[in-house]
Structure formats: structure tokens, C-alpha cells
>>> print(open('data-v4.cif').read())   # mmCIF, C-alpha atoms and all ligand atoms
data_model
loop_
_atom_site.label_atom_id
_atom_site.label_comp_id
_atom_site.auth_asym_id
_atom_site.auth_seq_id
_atom_site.Cartn_x
_atom_site.Cartn_y
_atom_site.Cartn_z
CA MET A 158 -0.93 -16.32 8.92
CA ASN A 159 -3.81 -14.92 6.95
CA ILE A 160 -6.75 -17.07 7.92
CA HIS A 161 -9.87 -15.66 6.28
CA SER A 162 -11.27 -12.85 8.35
CA LYS A 163 -13.72 -13.83 11.05
CA LEU A 164 -15.15 -10.36 10.57
CA SER A 165 -16.72 -11.10 7.21
CA ASP A 166 -20.25 -10.41 8.51
CA TYR A 167 -19.25 -6.78 8.86
CA GLY A 168 -19.71 -4.20 6.14
CA PHE A 169 -17.06 -2.82 3.85
CA ASN A 170 -16.38 0.34 5.87
CA THR A 171 -15.93 -1.66 9.07
CA LEU A 172 -13.63 -4.17 7.37
CA SER A 173 -11.52 -1.32 5.94
CA VAL A 174 -10.79 -0.19 9.50
CA HIS A 175 -10.67 -3.49 11.39
CA ALA A 176 -10.10 -6.60 9.26
CA GLY A 177 -7.03 -8.54 10.34
CA ALA A 178 -6.20 -6.25 13.27
CA ALA A 179 -6.60 -6.61 17.04
CA PRO A 180 -5.08 -4.73 19.98
CA ASP A 181 -1.48 -5.86 20.50
CA PRO A 182 -1.65 -8.72 23.06
CA THR A 183 1.44 -7.65 25.00
CA THR A 184 1.25 -3.83 24.98
CA GLY A 185 -2.41 -3.10 24.26
CA ALA A 186 -1.37 -0.89 21.35
CA ARG A 187 -4.55 -0.20 19.34
CA ALA A 188 -2.88 0.70 16.04
CA THR A 189 -1.07 -2.19 14.38
CA PRO A 190 2.60 -1.97 15.44
CA ILE A 191 5.43 -1.86 12.91
CA TYR A 192 7.21 -5.16 13.61
CA GLN A 193 10.57 -3.92 12.39
CA THR A 194 12.43 -7.20 12.82
CA THR A 195 14.13 -9.58 10.44
CA SER A 196 13.57 -12.77 12.44
CA TYR A 197 11.61 -14.44 15.25
CA VAL A 198 12.76 -16.61 18.16
CA PHE A 199 11.60 -20.24 18.04
CA ASP A 200 10.12 -21.88 21.17
CA ASP A 201 12.40 -24.89 20.70
CA THR A 202 13.77 -27.12 17.94
CA ASP A 203 10.46 -28.96 17.47
CA HIS A 204 8.68 -25.65 16.93
CA ALA A 205 11.35 -24.57 14.44
CA ALA A 206 11.12 -27.87 12.59
CA SER A 207 7.34 -27.67 12.29
CA LEU A 208 7.52 -24.09 10.96
CA PHE A 209 10.12 -25.01 8.36
CA GLY A 210 8.17 -28.10 7.34
CA LEU A 211 4.90 -26.11 6.94
CA GLN A 212 3.25 -28.27 9.63
CA SER A 213 2.36 -25.10 11.52
CA PHE A 214 2.01 -21.44 10.58
CA GLY A 215 4.20 -18.84 12.23
CA ASN A 216 6.93 -16.31 11.75
CA ILE A 217 10.41 -17.38 10.65
CA TYR A 218 12.05 -14.57 8.71
CA THR A 219 10.61 -11.31 7.31
CA ARG A 220 11.43 -12.23 3.70
CA ILE A 221 8.67 -14.87 4.04
CA GLY A 222 6.26 -13.11 6.40
CA ASN A 223 5.91 -10.45 9.09
CA PRO A 224 3.11 -9.63 11.58
CA THR A 225 2.48 -6.10 10.20
CA GLN A 226 2.36 -7.53 6.70
CA ALA A 227 -0.04 -10.27 7.89
CA VAL A 228 -2.61 -7.69 9.02
CA LEU A 229 -2.37 -5.95 5.64
CA GLU A 230 -2.87 -9.30 3.88
CA GLU A 231 -5.89 -10.25 5.93
CA ARG A 232 -7.44 -6.84 5.41
CA VAL A 233 -7.13 -6.87 1.62
CA ALA A 234 -8.33 -10.49 1.46
CA ALA A 235 -11.43 -9.51 3.48
CA LEU A 236 -12.18 -6.46 1.31
CA GLU A 237 -11.83 -8.49 -1.89
CA GLY A 238 -13.80 -11.45 -0.54
CA GLY A 239 -10.80 -13.78 -1.04
CA THR A 240 -9.56 -16.63 1.15
CA ALA A 241 -5.99 -15.38 1.69
CA ALA A 242 -3.51 -12.83 0.38
CA LEU A 243 0.21 -12.21 0.05
CA ALA A 244 1.64 -8.70 0.26
CA VAL A 245 4.89 -8.05 -1.62
CA ALA A 246 7.26 -5.22 -2.52
CA SER A 247 5.34 -3.79 -5.49
CA GLY A 248 2.53 -4.40 -7.93
CA HIS A 249 5.07 -5.68 -10.40
CA ALA A 250 6.41 -8.15 -7.83
CA ALA A 251 2.82 -9.38 -7.31
CA GLN A 252 2.53 -10.04 -11.05
CA MET A 253 5.93 -11.74 -11.21
CA LEU A 254 5.14 -14.14 -8.32
CA THR A 255 1.67 -14.86 -9.68
CA PHE A 256 3.00 -15.94 -13.07
CA GLN A 257 5.97 -17.75 -11.56
CA ALA A 258 3.55 -20.07 -9.76
CA LEU A 259 1.68 -20.83 -13.01
CA MET A 260 4.15 -20.78 -15.88
CA MET A 261 6.91 -23.02 -17.17
CA PRO A 262 9.28 -21.99 -19.98
CA GLY A 263 7.43 -22.16 -23.29
CA ASP A 264 4.00 -21.53 -21.72
CA GLU A 265 1.65 -18.78 -22.83
CA PHE A 266 -0.83 -16.44 -21.16
CA ILE A 267 -3.33 -14.06 -22.69
CA ALA A 268 -3.40 -10.44 -21.53
CA ALA A 269 -5.51 -7.48 -22.50
CA ARG A 270 -3.57 -4.97 -24.57
CA GLN A 271 -5.13 -2.17 -22.47
CA LEU A 272 -2.82 -2.30 -19.44
CA TYR A 273 -0.63 -0.13 -17.28
CA GLY A 274 2.45 0.68 -19.42
CA GLY A 275 4.81 -0.98 -16.94
CA SER A 276 2.83 -4.22 -17.22
CA VAL A 277 3.08 -4.11 -21.02
CA ASN A 278 6.88 -3.93 -20.64
CA GLN A 279 7.00 -6.61 -17.94
CA PHE A 280 4.85 -9.07 -19.90
CA GLY A 281 6.25 -8.33 -23.37
CA GLN A 282 9.94 -8.01 -22.50
CA ALA A 283 11.07 -9.21 -19.05
CA PHE A 284 8.81 -12.28 -19.02
CA LYS A 285 10.10 -13.29 -22.47
CA SER A 286 13.52 -13.91 -20.92
CA PHE A 287 11.89 -16.49 -18.60
CA GLY A 288 10.31 -18.20 -21.63
CA TRP A 289 6.82 -16.98 -20.65
CA ASN A 290 5.02 -15.78 -23.77
CA VAL A 291 2.22 -13.23 -23.71
CA LYS A 292 -0.51 -13.21 -26.36
CA TRP A 293 -2.39 -9.93 -26.58
CA ALA A 294 -6.14 -9.53 -26.82
CA ASP A 295 -8.52 -6.57 -26.97
CA ALA A 296 -10.13 -5.89 -23.58
CA ARG A 297 -13.18 -4.46 -25.37
CA ASP A 298 -13.75 -7.76 -27.25
CA PRO A 299 -14.08 -10.91 -25.06
CA GLU A 300 -13.99 -13.14 -28.16
CA SER A 301 -10.49 -11.89 -28.96
CA PHE A 302 -9.32 -13.78 -25.85
CA ARG A 303 -10.88 -17.00 -27.09
CA ARG A 304 -9.07 -16.63 -30.42
CA GLN A 305 -5.71 -16.54 -28.62
CA LEU A 306 -6.26 -19.76 -26.64
CA SER A 307 -3.88 -22.65 -27.29
CA SER A 308 -2.81 -25.85 -25.54
CA LYS A 309 -0.02 -23.79 -23.91
CA THR A 310 -2.33 -21.14 -22.40
CA LYS A 311 -1.96 -21.04 -18.59
CA ALA A 312 -3.91 -17.91 -17.60
CA ILE A 313 -5.91 -14.89 -18.74
CA PHE A 314 -5.05 -11.44 -17.34
CA ILE A 315 -6.99 -8.16 -17.46
CA GLU A 316 -7.36 -4.88 -15.54
CA SER A 317 -10.91 -4.30 -14.23
CA ILE A 318 -10.75 -0.58 -15.01
CA ALA A 319 -7.95 -0.21 -17.54
CA ASN A 320 -5.12 2.22 -17.99
CA PRO A 321 -4.66 4.78 -19.32
CA GLY A 322 -8.14 5.84 -20.38
CA GLY A 323 -10.07 4.50 -17.37
CA ILE A 324 -12.15 2.19 -19.58
CA VAL A 325 -14.45 -0.31 -17.83
CA ILE A 326 -14.04 -3.93 -18.96
CA ASP A 327 -16.64 -6.69 -19.39
CA ILE A 328 -15.01 -8.78 -16.67
CA GLU A 329 -17.64 -11.53 -16.52
CA SER A 330 -17.52 -12.31 -20.27
CA ILE A 331 -13.72 -12.56 -20.32
CA GLY A 332 -13.85 -14.65 -17.13
CA ALA A 333 -16.25 -17.03 -18.90
CA VAL A 334 -13.61 -17.63 -21.60
CA ALA A 335 -11.05 -18.50 -18.89
CA LYS A 336 -13.51 -20.84 -17.17
CA GLU A 337 -14.32 -22.70 -20.39
CA ALA A 338 -10.62 -23.05 -21.13
CA GLY A 339 -9.93 -24.29 -17.58
CA VAL A 340 -7.32 -21.63 -16.82
CA PRO A 341 -7.22 -19.17 -13.91
CA PHE A 342 -8.63 -15.69 -14.50
CA ILE A 343 -6.36 -12.98 -13.07
CA VAL A 344 -7.70 -9.46 -12.55
CA ASP A 345 -5.58 -6.42 -11.73
CA ASN A 346 -8.03 -4.41 -9.61
CA THR A 347 -5.69 -1.47 -8.92
CA LEU A 348 -7.69 1.37 -10.48
CA ALA A 349 -11.08 0.18 -9.23
CA THR A 350 -10.16 -1.08 -5.74
CA PRO A 351 -12.62 -3.49 -4.07
CA TYR A 352 -14.70 -0.44 -3.05
CA LEU A 353 -15.84 -0.02 -6.68
CA ILE A 354 -15.49 -3.57 -8.09
CA ARG A 355 -15.02 -6.98 -6.44
CA PRO A 356 -13.69 -9.20 -9.26
CA VAL A 357 -14.39 -12.33 -7.16
CA GLU A 358 -18.09 -11.68 -7.82
CA TRP A 359 -17.46 -11.73 -11.60
CA GLY A 360 -15.37 -14.90 -11.85
CA ALA A 361 -11.81 -13.87 -10.93
CA ASP A 362 -9.62 -16.61 -9.44
CA ILE A 363 -6.69 -14.37 -8.54
CA ILE A 364 -6.74 -10.61 -7.91
CA ILE A 365 -3.60 -8.55 -7.91
CA HIS A 366 -3.08 -4.92 -6.89
CA SER A 367 -0.50 -2.25 -6.93
CA LEU A 368 -1.07 -1.10 -3.33
CA THR A 369 0.99 1.93 -4.36
CA LYS A 370 -2.13 3.50 -5.89
CA PHE A 371 -5.62 3.94 -4.41
CA LEU A 372 -5.43 1.25 -1.70
CA GLY A 373 -2.48 2.93 0.03
CA GLY A 374 -3.79 6.13 -1.44
CA HIS A 375 -1.30 8.71 -0.20
CA GLY A 376 1.53 8.44 -2.71
CA ASN A 377 4.07 7.50 -0.04
CA SER A 378 4.82 3.75 -0.39
CA ILE A 379 5.30 1.11 -3.08
CA GLY A 380 3.62 -2.23 -2.45
CA GLY A 381 1.63 -5.00 -4.11
CA VAL A 382 -0.68 -7.84 -3.16
CA ILE A 383 -1.91 -11.16 -4.54
CA VAL A 384 -5.40 -12.23 -3.41
CA ASP A 385 -6.46 -15.86 -3.70
CA ALA A 386 -10.18 -16.17 -4.45
CA GLY A 387 -9.98 -19.84 -3.47
CA SER A 388 -12.08 -20.73 -6.52
CA PHE A 389 -9.68 -22.57 -8.83
CA ASP A 390 -9.34 -26.37 -8.68
CA TRP A 391 -5.58 -26.77 -9.07
CA SER A 392 -5.71 -30.56 -8.72
CA ARG A 393 -7.99 -31.09 -11.70
CA THR A 394 -5.05 -31.13 -14.14
CA LYS A 395 -1.27 -31.44 -14.03
CA LYS A 396 -0.93 -28.12 -15.83
CA TYR A 397 0.08 -26.34 -12.62
CA PRO A 398 2.72 -28.62 -11.09
CA MET A 399 3.77 -26.15 -8.38
CA LEU A 400 0.24 -26.39 -6.99
CA SER A 401 -0.75 -29.99 -7.66
CA GLU A 402 2.44 -32.10 -7.71
CA PRO A 403 4.71 -33.15 -4.82
CA CYS A 404 6.92 -30.25 -3.79
CA PRO A 405 10.61 -31.20 -3.45
CA SER A 406 11.44 -28.34 -1.08
CA TYR A 407 8.75 -29.35 1.46
CA HIS A 408 9.14 -33.15 1.76
CA GLY A 409 6.89 -33.87 -1.20
CA ILE A 410 3.69 -32.26 0.09
CA LYS A 411 1.15 -31.19 -2.52
CA MET A 412 0.19 -27.54 -2.06
CA HIS A 413 -3.44 -27.74 -3.20
CA GLU A 414 -4.12 -31.01 -1.41
CA THR A 415 -2.62 -29.61 1.82
CA PHE A 416 -3.81 -25.98 1.79
CA GLY A 417 -7.09 -26.22 -0.16
CA ASP A 418 -8.64 -22.90 -1.06
CA MET A 419 -5.63 -20.91 0.23
CA ALA A 420 -3.12 -22.92 -1.83
CA PHE A 421 -2.33 -20.23 -4.36
CA ALA A 422 -1.50 -17.52 -1.81
CA ILE A 423 0.55 -19.96 0.26
CA THR A 424 2.46 -21.28 -2.77
CA CYS A 425 3.36 -17.73 -3.82
CA ARG A 426 4.68 -17.12 -0.29
CA VAL A 427 6.54 -20.32 0.59
CA LEU A 428 8.02 -20.86 -2.87
CA GLY A 429 7.90 -17.65 -4.93
CA LEU A 430 8.56 -15.09 -2.22
CA ARG A 431 10.95 -17.37 -0.33
CA ASP A 432 13.09 -18.01 -3.41
CA LEU A 433 12.76 -14.82 -5.47
CA GLY A 434 12.65 -12.43 -2.50
CA PRO A 435 10.55 -9.30 -3.25
CA ALA A 436 9.36 -8.83 0.36
CA ILE A 437 7.49 -5.71 1.50
CA SER A 438 9.06 -3.73 4.33
CA PRO A 439 7.08 -3.69 7.61
CA PHE A 440 7.06 0.12 7.49
CA ASN A 441 5.49 0.17 4.02
CA ALA A 442 2.96 -2.44 5.16
CA PHE A 443 2.05 -0.14 8.08
CA LEU A 444 1.62 2.94 5.87
CA LEU A 445 -0.46 1.04 3.31
CA LEU A 446 -2.62 -0.45 6.07
CA THR A 447 -3.22 3.00 7.52
CA GLY A 448 -4.19 4.24 4.06
CA ILE A 449 -6.74 1.46 3.60
CA GLU A 450 -8.64 2.57 6.73
CA THR A 451 -10.03 5.53 4.75
CA LEU A 452 -10.40 3.75 1.39
CA PRO A 453 -14.22 4.04 1.18
CA LEU A 454 -14.21 7.74 2.10
CA ARG A 455 -11.42 8.55 -0.32
CA MET A 456 -12.91 6.57 -3.20
CA GLN A 457 -16.27 8.32 -2.80
CA LYS A 458 -14.55 11.71 -2.99
CA HIS A 459 -12.18 10.65 -5.81
CA CYS A 460 -15.14 9.49 -7.93
CA GLU A 461 -17.33 12.50 -7.15
CA ASN A 462 -14.50 14.92 -8.01
CA ALA A 463 -13.47 13.00 -11.15
CA LYS A 464 -17.02 13.02 -12.48
CA ALA A 465 -17.36 16.78 -11.90
CA VAL A 466 -13.99 17.49 -13.56
CA ALA A 467 -14.85 15.20 -16.51
CA GLN A 468 -18.22 16.95 -16.94
CA HIS A 469 -16.56 20.35 -16.83
CA LEU A 470 -13.87 19.39 -19.35
CA SER A 471 -16.42 17.83 -21.72
CA ARG A 472 -17.99 21.31 -22.07
CA HIS A 473 -14.65 23.16 -22.31
CA ALA A 474 -13.85 24.96 -25.59
CA LYS A 475 -10.18 23.91 -25.48
CA VAL A 476 -10.97 20.21 -24.95
CA SER A 477 -11.87 18.05 -27.97
CA TRP A 478 -12.96 14.86 -26.14
CA VAL A 479 -13.12 13.29 -22.67
CA SER A 480 -12.91 9.54 -22.03
CA TYR A 481 -14.60 8.90 -18.67
CA ALA A 482 -16.91 5.93 -18.20
CA ASN A 483 -19.37 7.81 -15.99
CA LEU A 484 -20.35 10.31 -18.70
CA PRO A 485 -23.66 9.18 -20.28
CA ASN A 486 -22.36 9.35 -23.87
CA ASP A 487 -19.18 7.38 -23.12
CA PRO A 488 -18.89 3.97 -24.88
CA CYS A 489 -18.20 2.35 -21.47
CA TYR A 490 -21.19 3.95 -19.73
CA GLY A 491 -23.31 0.76 -19.81
CA LEU A 492 -20.49 -1.42 -18.46
CA ALA A 493 -19.80 1.15 -15.74
CA GLN A 494 -23.45 0.98 -14.62
CA THR A 495 -23.13 -2.83 -14.37
CA TYR A 496 -19.68 -3.22 -12.83
CA CYS A 497 -19.09 -0.06 -10.82
CA PRO A 498 -22.37 1.71 -10.03
CA LYS A 499 -20.68 3.62 -7.18
CA GLY A 500 -18.35 5.38 -9.60
CA ALA A 501 -15.93 4.88 -12.48
CA GLY A 502 -12.74 5.70 -10.60
CA ALA A 503 -10.59 8.81 -10.76
CA VAL A 504 -8.21 8.19 -13.67
CA PHE A 505 -9.21 9.33 -17.15
CA THR A 506 -7.88 10.91 -20.32
CA PHE A 507 -8.94 13.85 -22.44
CA GLY A 508 -7.76 15.50 -25.65
CA VAL A 509 -6.63 19.13 -25.79
CA ARG A 510 -7.19 21.18 -28.92
CA GLY A 511 -3.81 22.17 -30.37
CA GLY A 512 -2.17 18.73 -30.12
CA TYR A 513 1.30 18.12 -28.72
CA GLU A 514 2.16 21.77 -28.04
CA ALA A 515 -1.11 22.38 -26.21
CA GLY A 516 -0.60 19.23 -24.11
CA VAL A 517 2.90 20.30 -23.08
CA LYS A 518 1.67 23.81 -22.31
CA LEU A 519 -1.12 22.51 -20.10
CA VAL A 520 1.14 20.37 -17.89
CA ASN A 521 3.70 23.18 -17.70
CA ASN A 522 1.09 25.63 -16.44
CA VAL A 523 -0.78 23.69 -13.77
CA LYS A 524 -0.11 24.87 -10.21
CA LEU A 525 -2.24 22.70 -7.92
CA LEU A 526 -2.05 19.52 -10.01
CA SER A 527 1.29 17.69 -9.88
CA HIS A 528 3.04 16.71 -13.10
CA LEU A 529 4.25 13.17 -12.41
CA ALA A 530 3.97 9.50 -13.41
CA ASN A 531 1.63 8.03 -10.82
CA VAL A 532 -2.09 7.62 -10.11
CA GLY A 533 -4.19 7.11 -7.01
CA ASP A 534 -2.78 9.79 -4.71
CA THR A 535 -4.86 12.09 -2.47
CA ARG A 536 -3.36 14.86 -4.66
CA SER A 537 -4.55 15.52 -8.22
CA LEU A 538 -1.99 14.38 -10.79
CA ILE A 539 -1.49 15.08 -14.49
CA ILE A 540 0.74 13.74 -17.24
CA HIS A 541 1.12 14.22 -21.00
CA PRO A 542 2.01 10.67 -22.14
CA ALA A 543 3.31 11.67 -25.60
CA SER A 544 6.11 13.78 -24.10
CA THR A 545 6.88 11.46 -21.16
CA THR A 546 5.86 7.81 -20.62
CA HIS A 547 5.28 7.12 -24.33
CA ARG A 548 7.86 9.46 -25.92
CA GLN A 549 10.02 6.61 -27.32
CA LEU A 550 7.12 5.32 -29.46
CA SER A 551 6.35 6.33 -33.06
CA ASP A 552 3.30 8.56 -33.63
CA GLU A 553 1.33 5.53 -34.85
CA GLN A 554 2.28 3.46 -31.80
CA LYS A 555 1.39 6.38 -29.53
CA SER A 556 -2.10 6.65 -30.98
CA ALA A 557 -2.62 2.85 -30.79
CA ALA A 558 -1.67 2.95 -27.10
CA GLY A 559 -4.15 5.76 -26.42
CA ALA A 560 -1.27 8.21 -26.02
CA GLY A 561 -1.71 10.40 -29.09
CA PRO A 562 -0.12 13.88 -29.17
CA GLU A 563 -3.22 15.62 -27.75
CA VAL A 564 -3.89 13.11 -24.91
CA VAL A 565 -3.61 14.21 -21.27
CA ARG A 566 -4.14 11.78 -18.36
CA VAL A 567 -5.34 12.90 -14.95
CA SER A 568 -5.81 11.17 -11.62
CA ILE A 569 -8.23 13.34 -9.71
CA GLY A 570 -7.50 13.79 -6.00
CA ILE A 571 -9.64 14.63 -3.00
CA GLU A 572 -9.04 18.39 -2.88
CA ASP A 573 -11.94 20.86 -3.27
CA VAL A 574 -13.20 20.20 -6.77
CA SER A 575 -13.61 23.92 -7.46
CA ASP A 576 -9.85 24.33 -6.92
CA ILE A 577 -9.01 21.46 -9.28
CA ILE A 578 -11.29 22.87 -11.99
CA ALA A 579 -9.94 26.42 -11.51
CA ASP A 580 -6.37 25.17 -11.88
CA LEU A 581 -7.14 23.25 -15.09
CA ASP A 582 -9.04 26.28 -16.47
CA GLN A 583 -6.17 28.71 -15.84
CA ALA A 584 -3.64 26.24 -17.32
CA LEU A 585 -5.83 25.64 -20.41
CA ALA A 586 -6.16 29.43 -20.85
CA ALA A 587 -2.41 30.06 -20.55
C1 LIG A 601 1.19 0.96 -10.89
C2 LIG A 601 0.49 -0.18 -11.47
C3 LIG A 601 1.07 -1.45 -11.51
C4 LIG A 601 2.48 -1.71 -11.01
O1 LIG A 601 2.56 -1.50 -9.65
P1 LIG A 601 3.89 -0.99 -8.87
O2 LIG A 601 3.46 -0.92 -7.46
O3 LIG A 601 4.27 0.33 -9.47
O4 LIG A 601 4.94 -2.04 -9.15
C5 LIG A 601 0.34 -2.50 -12.02
N1 LIG A 601 -0.92 -2.31 -12.49
C6 LIG A 601 -1.51 -1.11 -12.47
C7 LIG A 601 -2.91 -0.98 -12.99
C8 LIG A 601 -0.84 0.00 -11.95
O5 LIG A 601 -1.44 1.20 -11.95
#
>>> encode(input="data-v4.cif", output="C-alpha cells")
Amino acid sequence: MNIHSKLSDYGFNTLSVHAGAAPDPTTGARATPIYQTTSYVFDDTDHAASLFGLQSFGNIYTRIGNPTQAVLEERVAALEGGTAALAVASGHAAQMLTFQALMMPGDEFIAARQLYGGSVNQFGQAFKSFGWNVKWADARDPESFRRQLSSKTKAIFIESIANPGGIVIDIESIGAVAKEAGVPFIVDNTLATPYLIRPVEWGADIIIHSLTKFLGGHGNSIGGVIVDAGSFDWSRTKKYPMLSEPCPSYHGIKMHETFGDMAFAITCRVLGLRDLGPAISPFNAFLLLTGIETLPLRMQKHCENAKAVAQHLSRHAKVSWVSYANLPNDPCYGLAQTYCPKGAGAVFTFGVRGGYEAGVKLVNNVKLLSHLANVGDTRSLIIHPASTTHRQLSDEQKSAAGAGPEVVRVSIGIEDVSDIIADLDQALAA
């Protein structure tokens, strides 16, 4: 399984290529093979019994683990500086399993209001049917998290760089609120990736990702991951019974007592993933792993291009405002210098003069940029939230969500920046 990488003395670029992987012992294959199998032959009944009883680590069935997936897990854990990781079918599955390990019906967690739209739906609607209640706070105001604390609070959740406007969050201050309250601090690091921000260094106990975005990076596979920072003391209270109390499905072992600083990742695997089932396919794990090999190179180019496009748009006559944390007059500029000095990511919003009609016209006239609902692809992407992802909301709700009629969101790719700028210019002129 995903023992913490022995390569951790290596630098980030080296880990992106090598962490978790070794030449295949039987064939010598240098790239990680796609272990496209559902199940694994046991040596004998004793071996099988020890695997099922969690006395030894090994492969049983691909719903619970797979060798291609294991390399992906070890690689992301190494890049994030965590102790262990669990890869699953999607970013949303990572969030579901994370909360399932922490929450009982009637419990609460506090989440920043500034989140990926799908997470707002998942937390506010789907989770409600499990009896898990979200309390919203303002990611720009750490004290607003403290005001939402109660005896039922089980976790605090934020994005490190937040959708949709690419705003940079004061991670350390919000983490301090979680620490004082004695609850785990969960950071969705999807838009930043560990290349730009390592939330472990700012107090995160659990990091989740949609691998679908910049980590995989090529817009070809859905996946998610949970990284255990190994920092939370689950045995200090009885608030997290799945982690601290005897587990009926494994002969009464206590997860934290038995697995120490990897307990959270292991609990999500051997209970959450085993019983709820959102496993990642070995093929997707392979594609995502391949994508991660070039993460540092891609992120450098994404950030460099995004900054140049944001600068260009901020001087454009048809653009009323640009929200990009790496522009010196942006309200997040100071936080960006602290948390992500290498760059503020590649996703940002801007306002077009002429409101709704102008926004629609722009997305209808781009040629190189793709009009779609995703971020973190090698290709440059564009969307007009008011006519798409946020169209069901009232005008007031749209503006509150940062999706007013004039707002356009882009995810800048790694093409030649002059081509991206030329395409936006011709579409704005149309
Ligand atoms: C896409 C996304 C998710 C959800 O991930 P899926 O892989 O689409 O399930 C969660 N958080 C953020 C920040 C995202 O961009």
C-alpha cells in the first residue's frame, strides 16, 4: 500500500516523475503498467485471512485497491508532503468519503461559501439527506468561521485558491480556528496543486483534490484523491468514532491506534471505499499518473500565460475589471505573495462591458478557446456562468455567487500566449 515515499529527499520535479513508481519487477516495464484486473490470487488461506483482517497490506479486489492506483496515491502523497493517500473515482467522491469518515447524522461542518459550484450543491443538498449539515462562512474573513463553531462542528473545509474567481485564501488563519476548536482542517487544493501551495505547511490535516483538473491536466479523466497529512490526533476525543473506537467490521481494532499517522487514509479505504464503492479505474489512474509527471512544467506555463492574459485584459477597452490575484492592484495580491509566490494559478474571472449580451457574444465567437464547463486542461477554456452553470439562479443570487451577467471565467492553457490573446481580442471585437 501507500507507505510514505522513501524518495522524500528528492525535489518536487523529481518526485513528480518518480514518487511511488519502480520498474515492474517481473517484466522490467519502466512506465507503470495498467493493472487492469478486478482481483488478485492469494498465496494460501492464511495469506487471505491476514489481508481480510488488515494484519497485512496487499491486493484483494480493485474496489479497495489496485497497483496502478497505489502508485498514483504514493505520488500525490509525496508531492503534498502527506503520510498516505487514497485515490477515488472523482473529486466529489473524495469529498463524500472524507466526510463519511468524520460525520454522524446531525453533525455540522463549516465550509467557505467560495467553492466550486458542484461542491456547493453536494454540501448544501446531497449531504443534507445524510443528516450532515453545512454552515457557510466567508473565505475572506477567518473570524466568520469561528462564529459558526458549535458543539456539533466536526470539520472546517476551504479551497486554497477558490472558485470561480481564483481568489487566494488566508489558509493559515482559518486553519488556526480549526486547531483551536480541535477539528480537522480540510483543504481542497485542486486549483493550486501542490506545485503552487502545500496546505500541509499551513495547518491542513486532510487535503482533497479533483485529479480531473490540473494534476491530471489533460482533460481526459475524472478522478479524485484524499491525502492524509498525518497531523490530527484522532484518539484525543470520541468525536470521531470511526477512527478512535473499536471497528466492528475488523474484529474490534481501533484505526488510529493501529495505523497511526496513516489512519485517516486507511479508514477511508477499508471502510468508506469498501462499503460505498467509488473506486477509480486502473486506466484513469494511469492517465492521471502520466499527467502528473509534467505537473511542474505545465503549472509554470499555465501561470505565466494566465498572468499575461490577465494583464492584457486589464488594459482592454471592452473589459471593465479583472479578478486575478497576481495583478498588483488585486485585493488578493498580498495573500498570493505569501501563499503562492510561484504564481496564482490559471483560473480567473473578468467582466465584459455590455453585460449579459456581451458575455454570450464573447463565448460564441472564440475559436481557439473551448466553451465548456471544466478547468485545468492543457487547452484554454472559457465559460459565461450566467448563461450556463448559474442560469437557474436569480440575478441577485448570481451576483452573490460571483456570476453576475457580465462575468466570464477562463482557465488559461499552455498554448502560445500570443494565440490566446489574439483569440480573445478578435472575439471581444466581434
Ligand atoms: C472539479 C472540482 C471538484 C469536483 O471534482 P470532480 O472530479 O469533478 O468530481 C471539486 N473541487 C474543485 C475545486 C473542483 O474544481
>>> residues_near_ligand(input="data-v4.cif", ligand="ligand LIG 601 (chain A)", cutoff="9 Å", atoms="only C-alpha atoms and all ligand atoms", output="ChimeraX atom specification")
/A:246-252,272-276,316-321,345-348,365-370,378-381,531-533
>>> atom_distance(input="data-v4.cif", atom1="atom CA of A:Ser556", atom2="atom CA of A:Gly323")
15.9 Å
>>> closest_residue(input="data-v4.cif", among="A:Trp359, A:Ile540, A:Ala557, A:Ser480", to="A:Thr495", atoms="only C-alpha atoms")
A:Trp359
>>> atom_distance(input="data-v4.cif", atom1="atom CA of A:Lys458", atom2="atom CA of A:Phe507")
20.4 Å
>>> atom_distance(input="data-v4.cif", atom1="atom CA of A:Gly491", atom2="atom CA of A:Val466")
20.1 Å
>>> axis_aligned_box(input="data-v4.cif", around="stretch 478-481 of chain A", padding_each_side="8 Å", output="AutoDock Vina command-line options")
--center_x -13.8 --center_y 11.9 --center_z -22.4 --size_x 17.7 --size_y 22.0 --size_z 23.5
>>> closest_residue(input="data-v4.cif", among="A:Gly508, A:Ile539, A:His528, A:Gly239", to="A:Ala560", atoms="all atoms listed in the file")
A:Gly508
>>> residues_around(input="data-v4.cif", residues="stretch 216-227 of chain A", least_positions_apart="2", cutoff="7 Å", atoms="all atoms listed in the file", output="PyMOL selection string")
chain A and resi 158-159+189-192+195-197+229-231+244+426-427+430-431+434+436+439+442-443
>>> residues_around(input="data-v4.cif", residues="A:Tyr167", least_positions_apart="6", cutoff="10 Å", atoms="all atoms listed in the file", output="list in words")
Ser173, His175, Ala176 and Ala235 of chain A
>>> decode(input="data-v4.cif", residues="stretch 414-435 of chain A", atoms="C-alpha atoms", output="PDB file, in the first residue's frame")
ATOM      1  CA  GLU A 414      -4.307   3.141  17.444  1.00  0.00           C
ATOM      2  CA  THR A 415      -3.396   0.561  14.765  1.00  0.00           C
ATOM      3  CA  PHE A 416      -2.445   2.752  11.791  1.00  0.00           C
ATOM      4  CA  GLY A 417      -1.148   5.918  13.488  1.00  0.00           C
ATOM      5  CA  ASP A 418      -0.469   8.808  11.156  1.00  0.00           C
ATOM      6  CA  MET A 419      -1.952   6.980   8.137  1.00  0.00           C
ATOM      7  CA  ALA A 420      -5.224   6.174   9.925  1.00  0.00           C
ATOM      8  CA  PHE A 421      -7.401   8.613   8.036  1.00  0.00           C
ATOM      9  CA  ALA A 422      -6.387   7.441   4.549  1.00  0.00           C
ATOM     10  CA  ILE A 423      -6.689   3.797   5.587  1.00  0.00           C
ATOM     11  CA  THR A 424     -10.108   4.310   7.204  1.00  0.00           C
ATOM     12  CA  CYS A 425     -11.415   5.992   4.045  1.00  0.00           C
ATOM     13  CA  ARG A 426     -10.192   2.977   2.043  1.00  0.00           C
ATOM     14  CA  VAL A 427     -11.111  -0.028   4.193  1.00  0.00           C
ATOM     15  CA  LEU A 428     -14.461   1.355   5.350  1.00  0.00           C
ATOM     16  CA  GLY A 429     -15.630   4.196   3.087  1.00  0.00           C
ATOM     17  CA  LEU A 430     -14.383   2.947  -0.263  1.00  0.00           C
ATOM     18  CA  ARG A 431     -15.064  -0.695   0.596  1.00  0.00           C
ATOM     19  CA  ASP A 432     -18.682  -0.004   1.546  1.00  0.00           C
ATOM     20  CA  LEU A 433     -19.684   2.947  -0.646  1.00  0.00           C
ATOM     21  CA  GLY A 434     -17.679   1.890  -3.701  1.00  0.00           C
ATOM     22  CA  PRO A 435     -16.485   4.910  -5.762  1.00  0.00           C
TER      23      PRO A 435
END
